[in-house]
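Participant: I'd like to ask some things about the structure below.
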Amino acid sequence: MFGILAMRNTHGKNGRVQAMETGIQKLRALVETVRCGSISGAARELDYSQSGVSRMIADLEREWGVTLLERGRRGVRLTADAKLIMPFVEALCEDERRLAERVREVVGMETGSLVIGTFSSVATHVLPDAIGRFQARHPGIEYELRMGDYSEIESWVAEGLVDFGFLPYPPQEPREGLAREVVLEDELMAVVPRGHRLAARKSIALADLCEEPFILLERGSDNEISPLFECAGLSPQARFSTWDDYAIMSMVESGLGLSILPGLILTRCPYAIEKRPLEPAVHRELAAVYRPGLLSSAARAFLDCL
């Protein structure tokens with residue numbers, strides 16, 4: 001009923017062509033005719049010609065096999081059969097009105113939700129500011145942050161469980177079927193206890209980090225740090241490994257070892273540790289990953305805001 005039912009060339013009272021009459025337009029014509037008590041009144045309200053309104057009602061009568069209106073000198077009134085049908089017609093028109101209103105709200109981002117796959121440094125140092133700016137423009141949007149390791153986040157994006165996710169590159173390109181947009185560049189930093197001999201240097205070589213116990217940052221099967229040593233032909237004394245950045249900071253502060261952490265997570269560090277650039281410097285890109293063509297209006301606008 002809601003599809004396009006017929007092609008017309010009838011002109012409305014303002015001269016515009018009524019190119020298509022859909023099922024919902026015919027229902028609206030019937031409802032408005034009953035409300036106004038006349039076809040001429042409905043034509044004025046709907047900006048249609050009288051013949052156009054008459055034809056749409058005649059179409060319904062022919063399609064349904066029911067006489068809907070009794071026509072007289074004082075206007076029109078519903079037949080007995082039509083009185084049984086009208087509550088459903090009115091309900092359909094109201095549902096269509098509410099649907100159109102909700103679509104306008106969603107497209108205009110007056111309402112909606114964003115589910116974002118992320119990890120600690122982005123959740124802590126990128127998203128709060130971005131959400132604050134976006135919320136000022138679109139206060140009706142709700143947010144859910146799903147924390148995971150890199151493999152989980154990529155899987156969530158591929159399976160449509162999140163609108164988009166944040167991932168670092170390298171170590172890997174996104175899986176087939178996913179797109180990415182770089183949000184910012186992050187530098188990997190050497191981390192040592194405050195007062196440590198290496199803290200006196202402006203930069204720290206990977207070889208220097210192999211002389212003492214090392215705390216390895218791992219997130220599930222993802223490991224950004226070990227390949228750095230492997231490419232340099234080095235083997236750190238990896239005594240500890242964890243996925244939690246803050247646990248590593250605390251362990252470094254306690255003198256349990258040295259480590260390498262993303263510079264972003266060290267932006268507001270509450271621990272007595274020192275960060276230094278690696279020698280040579282190592283950078284990574286942080287990107288938003290999503291399924292192309294499937295971003296909601298809110299998700300697209302949020303990425304543009306970033």
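By order of appearance in the structure tokens: chains A, B, ..., then residues from 1 within every chain, and ligands from 1 in the order shown.
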Could you tell me, as an MDAnalysis selection string, which residues of stretch 4-236 of chain A DSSP assigns to alpha helix (DSSP H) when given the backbone?

Facilitator: chainID A and resid 23:36 39:46 50:64 80:107 120:125 127:137 150:158 226:231

Participant: Please run DSSP on the backbone and report, as a PyMOL selection string, all residues within stretch 38-258 of chain A that come out as strand (DSSP E).

Facilitator: chain A and resi 69-72+75-78+112-118+141-147+164-169+179-193+204-205+213-217+237-242+258

Participant: Would you write out, as a Markdown table, a table of all residues in stretch 40-130 of chain A that have an atom no more than 10 Å from an atom of stretch 266-284 of chain A, listing for each the closest atom pair and the distance in Å to one decimal, considering only C-alpha atoms and ordering rows by chain and rising residue number?

Facilitator:
```
| residue | atom | partner | partner_atom | distance |
| --- | --- | --- | --- | --- |
| A:Ser121 | CA | A:Leu266 | CA | 8.4 |
| A:Thr124 | CA | A:Arg268 | CA | 9.7 |
| A:His125 | CA | A:Thr267 | CA | 7.7 |
```

Participant: Go ahead and save the picked residues with all heavy atoms, as a PDB file, in the first residue's frame.

Facilitator:
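File written: again.pdb
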```
ATOM      1  N   SER A 121      43.733   4.700  26.039  1.00  0.00           N
ATOM      2  CA  SER A 121      44.308   6.015  25.764  1.00  0.00           C
ATOM      3  C   SER A 121      43.357   6.900  24.965  1.00  0.00           C
ATOM      4  O   SER A 121      43.238   8.101  25.240  1.00  0.00           O
ATOM      5  CB  SER A 121      45.652   5.875  25.039  1.00  0.00           C
ATOM      6  OG  SER A 121      45.507   5.162  23.835  1.00  0.00           O
ATOM      7  N   THR A 124      40.391   7.899  27.195  1.00  0.00           N
ATOM      8  CA  THR A 124      40.768   8.837  28.251  1.00  0.00           C
ATOM      9  C   THR A 124      41.135  10.212  27.713  1.00  0.00           C
ATOM     10  O   THR A 124      40.782  11.235  28.310  1.00  0.00           O
ATOM     11  CB  THR A 124      41.966   8.282  29.050  1.00  0.00           C
ATOM     12  OG1 THR A 124      41.633   6.998  29.563  1.00  0.00           O
ATOM     13  CG2 THR A 124      42.309   9.199  30.221  1.00  0.00           C
ATOM     14  N   HIS A 125      41.812  10.272  26.577  1.00  0.00           N
ATOM     15  CA  HIS A 125      42.412  11.535  26.149  1.00  0.00           C
ATOM     16  C   HIS A 125      41.899  12.086  24.816  1.00  0.00           C
ATOM     17  O   HIS A 125      42.279  13.199  24.445  1.00  0.00           O
ATOM     18  CB  HIS A 125      43.927  11.378  26.070  1.00  0.00           C
ATOM     19  CG  HIS A 125      44.551  11.014  27.384  1.00  0.00           C
ATOM     20  ND1 HIS A 125      44.578  11.876  28.451  1.00  0.00           N
ATOM     21  CD2 HIS A 125      45.127   9.865  27.812  1.00  0.00           C
ATOM     22  CE1 HIS A 125      45.168  11.291  29.485  1.00  0.00           C
ATOM     23  NE2 HIS A 125      45.510  10.064  29.118  1.00  0.00           N
TER      24      HIS A 125
END
```

Participant: Which is closer to A:Glu212 than all the others in A:Val182, A:Ile225, A:Leu303, A:Leu258, using only C-alpha atoms?

Facilitator: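 The closest residue to A:Glu212 is A:Leu258.
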
Participant: Ranking A:Leu306, A:Ala130, A:Val157, A:Leu261 by minimum distance to A:Met189 and counting only C-alpha atoms, which one comes first?

Facilitator: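 Ranked by minimum distance to A:Met189, first place goes to A:Leu261.
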
Participant: Can you pull out the residues contacting A:Leu68? Cut-off 8 Å, using only C-alpha atoms, and skip same-chain residues under 6 positions away; I want them as JSON, numbers by chain.

Facilitator: {"A": [57, 61, 78, 79, 81, 82]}

Participant: Quick one: residues within 9 Å of A:Pro213, only C-alpha atoms counted, chain neighbours fewer than 5 positions away excluded, as a PyMOL selection string?

Facilitator: chain A and resi 236-240+256-259

Participant: Residues of the last selection are to be written out with N, CA, C and O atoms, as a PDB file, in the first residue's frame.

Facilitator:
```pdb
ATOM      1  N   PRO A 236      64.359  -7.990  24.701  1.00  0.00           N
ATOM      2  CA  PRO A 236      64.241  -7.404  26.036  1.00  0.00           C
ATOM      3  C   PRO A 236      64.038  -8.490  27.093  1.00  0.00           C
ATOM      4  O   PRO A 236      63.589  -9.598  26.792  1.00  0.00           O
ATOM      5  N   GLN A 237      64.360  -8.171  28.327  1.00  0.00           N
ATOM      6  CA  GLN A 237      64.152  -9.093  29.449  1.00  0.00           C
ATOM      7  C   GLN A 237      62.694  -8.952  29.924  1.00  0.00           C
ATOM      8  O   GLN A 237      62.419  -8.348  30.960  1.00  0.00           O
ATOM      9  N   ALA A 238      61.766  -9.492  29.154  1.00  0.00           N
ATOM     10  CA  ALA A 238      60.340  -9.307  29.439  1.00  0.00           C
ATOM     11  C   ALA A 238      59.926 -10.162  30.629  1.00  0.00           C
ATOM     12  O   ALA A 238      59.607 -11.344  30.496  1.00  0.00           O
ATOM     13  N   ARG A 239      59.932  -9.560  31.812  1.00  0.00           N
ATOM     14  CA  ARG A 239      59.563 -10.262  33.037  1.00  0.00           C
ATOM     15  C   ARG A 239      58.065 -10.206  33.298  1.00  0.00           C
ATOM     16  O   ARG A 239      57.515 -11.065  33.985  1.00  0.00           O
ATOM     17  N   PHE A 240      57.406  -9.165  32.805  1.00  0.00           N
ATOM     18  CA  PHE A 240      55.979  -8.969  33.045  1.00  0.00           C
ATOM     19  C   PHE A 240      55.306  -8.573  31.730  1.00  0.00           C
ATOM     20  O   PHE A 240      55.922  -7.941  30.877  1.00  0.00           O
ATOM     21  N   LEU A 256      59.940  -2.025  39.130  1.00  0.00           N
ATOM     22  CA  LEU A 256      59.889  -3.418  38.680  1.00  0.00           C
ATOM     23  C   LEU A 256      60.416  -3.595  37.266  1.00  0.00           C
ATOM     24  O   LEU A 256      60.610  -4.731  36.822  1.00  0.00           O
ATOM     25  N   GLY A 257      60.619  -2.528  36.555  1.00  0.00           N
ATOM     26  CA  GLY A 257      61.134  -2.655  35.203  1.00  0.00           C
ATOM     27  C   GLY A 257      60.917  -1.391  34.396  1.00  0.00           C
ATOM     28  O   GLY A 257      60.348  -0.400  34.878  1.00  0.00           O
ATOM     29  N   LEU A 258      61.378  -1.412  33.144  1.00  0.00           N
ATOM     30  CA  LEU A 258      61.202  -0.321  32.196  1.00  0.00           C
ATOM     31  C   LEU A 258      60.128  -0.724  31.186  1.00  0.00           C
ATOM     32  O   LEU A 258      59.754  -1.890  31.102  1.00  0.00           O
ATOM     33  N   SER A 259      59.660   0.231  30.390  1.00  0.00           N
ATOM     34  CA  SER A 259      58.613  -0.134  29.436  1.00  0.00           C
ATOM     35  C   SER A 259      58.566   0.872  28.294  1.00  0.00           C
ATOM     36  O   SER A 259      59.295   1.875  28.284  1.00  0.00           O
TER      37      SER A 259
END
```

Participant: Would you pick out the contacts of A:Leu114 at 8 Å or less, using only C-alpha atoms, so that residues sharing its chain but fewer than 2 positions from it are not included, and give the list as a ChimeraX atom specification?

Facilitator: /A:112,116,141-144,162-163,298-299

Participant: Would you mind exporting the chosen residues as a short mmCIF file (atom, residue, chain, number, x, y, z; two decimals), in the first residue's frame, restricted to N, CA, C and O atoms?

Facilitator:
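The result, stored in result_13.cif:
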```cif
data_model
loop_
_atom_site.label_atom_id
_atom_site.label_comp_id
_atom_site.auth_asym_id
_atom_site.auth_seq_id
_atom_site.Cartn_x
_atom_site.Cartn_y
_atom_site.Cartn_z
N GLY A 112 19.25 9.71 18.72
CA GLY A 112 20.09 8.65 18.18
C GLY A 112 21.11 8.18 19.20
O GLY A 112 21.11 8.62 20.35
N ILE A 116 30.78 3.02 20.32
CA ILE A 116 32.16 3.22 19.87
C ILE A 116 33.06 2.17 20.51
O ILE A 116 33.07 2.00 21.73
N ILE A 141 21.90 12.92 21.38
CA ILE A 141 22.63 11.69 21.06
C ILE A 141 23.14 11.03 22.34
O ILE A 141 23.67 11.69 23.23
N GLU A 142 22.96 9.70 22.43
CA GLU A 142 23.47 8.92 23.55
C GLU A 142 24.74 8.17 23.12
O GLU A 142 24.92 7.88 21.93
N TYR A 143 25.60 7.83 24.10
CA TYR A 143 26.90 7.23 23.79
C TYR A 143 27.14 5.97 24.61
O TYR A 143 26.77 5.90 25.78
N GLU A 144 27.75 4.98 23.98
CA GLU A 144 28.22 3.78 24.68
C GLU A 144 29.65 3.51 24.21
O GLU A 144 29.91 3.38 23.02
N VAL A 162 29.48 -2.22 16.76
CA VAL A 162 29.77 -0.82 17.08
C VAL A 162 29.64 -0.01 15.80
O VAL A 162 29.76 -0.55 14.70
N ASP A 163 29.39 1.29 15.94
CA ASP A 163 29.30 2.15 14.76
C ASP A 163 30.67 2.32 14.11
O ASP A 163 30.80 2.33 12.89
N ALA A 298 24.67 10.29 12.54
CA ALA A 298 25.36 10.74 13.75
C ALA A 298 26.82 10.29 13.75
O ALA A 298 27.71 11.06 14.12
N ALA A 299 27.08 9.06 13.33
CA ALA A 299 28.46 8.54 13.31
C ALA A 299 29.31 9.33 12.32
O ALA A 299 30.46 9.68 12.61
#
```

Participant: Which residue gives the smallest distance to A:Gly23 among A:Val115, A:Leu264, A:Val89, A:Leu161, with only C-alpha atoms counted?

Facilitator: A:Val89

Participant: Go through A:Arg28, A:Leu178, A:Ala288, A:Ser296 and flag the residue nearest A:Leu127, using only C-alpha atoms for the distances.

Facilitator: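 Smallest separation from A:Leu127 among the options: A:Ala288.
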
Participant: May I have the residues within 12 Å of A:Pro87 as a list in words, using only C-alpha atoms and disregarding those fewer than 6 positions away in the same chain?

Facilitator: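 Residues near the query, excluding close chain neighbours: Leu27, Leu30, Val31, Asp81, Cys93 and Glu94 of chain A.
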
Participant: Please produce a file of those selected residues containing C-alpha atoms, as a CSV table (one decimal), in the first residue's frame.

Facilitator:
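Heads up, here's the output in out10.csv:
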```csv
chain,number,residue,atom,x,y,z
A,27,LEU,CA,-5.3,7.5,2.5
A,30,LEU,CA,-9.7,10.1,2.3
A,31,VAL,CA,-9.0,11.2,5.9
A,81,ASP,CA,-18.7,0.0,5.5
A,93,CYS,CA,-1.7,7.9,8.5
A,94,GLU,CA,-0.7,8.7,12.1
```

Participant: Which of these, A:Val66, A:Ile215, A:Leu286, A:Ala123, has the shortest distance to A:Glu253 once you count only C-alpha atoms?

Facilitator: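 Distance minimum relative to A:Glu253 lands on A:Ile215.
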
Participant: Counting only C-alpha atoms, which residue out of A:Met147, A:Gly165, A:Leu46, A:Gly263 sits closest to A:Glu187?

Facilitator: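 Closest candidate: A:Gly263.
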
Participant: In Å, with one decimal, what is the gap from atom CA of A:Arg197 to atom CA of A:Glu230?

Facilitator: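 Result for atom CA of A:Arg197 versus atom CA of A:Glu230: 24.7 Å, one decimal.
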
Participant: Counting only C-alpha atoms, what is within 8 Å of A:Met56, bar same-chain residues fewer than 4 positions away, as a compact mmCIF listing (two decimals) with N, CA, C and O atoms, in the first residue's frame?

Facilitator:
```txt
# COMPACT_ATOMS: atom_id res chain seq x y z
N GLU A 21 1.24 9.31 -7.13
CA GLU A 21 0.31 9.20 -6.01
C GLU A 21 0.61 7.89 -5.30
O GLU A 21 0.47 6.82 -5.88
N LYS A 26 -3.22 8.60 -0.91
CA LYS A 26 -4.64 8.31 -1.10
C LYS A 26 -5.35 8.20 0.24
O LYS A 26 -6.49 8.69 0.40
N ALA A 29 -5.83 11.64 1.56
CA ALA A 29 -6.92 12.31 0.84
C ALA A 29 -8.26 11.91 1.43
O ALA A 29 -9.16 12.75 1.61
N GLY A 52 -8.19 15.57 -8.61
CA GLY A 52 -7.15 14.68 -8.10
C GLY A 52 -7.59 13.98 -6.83
O GLY A 52 -7.36 12.76 -6.67
N LEU A 60 -9.15 4.10 -4.29
CA LEU A 60 -9.29 3.27 -3.09
C LEU A 60 -10.56 2.42 -3.16
O LEU A 60 -10.54 1.22 -2.81
```

Participant: Expressed in Å to a single decimal, how great is the separation between atom CA of A:Val76 and atom CA of A:Val53?

Facilitator: 12.8 Å
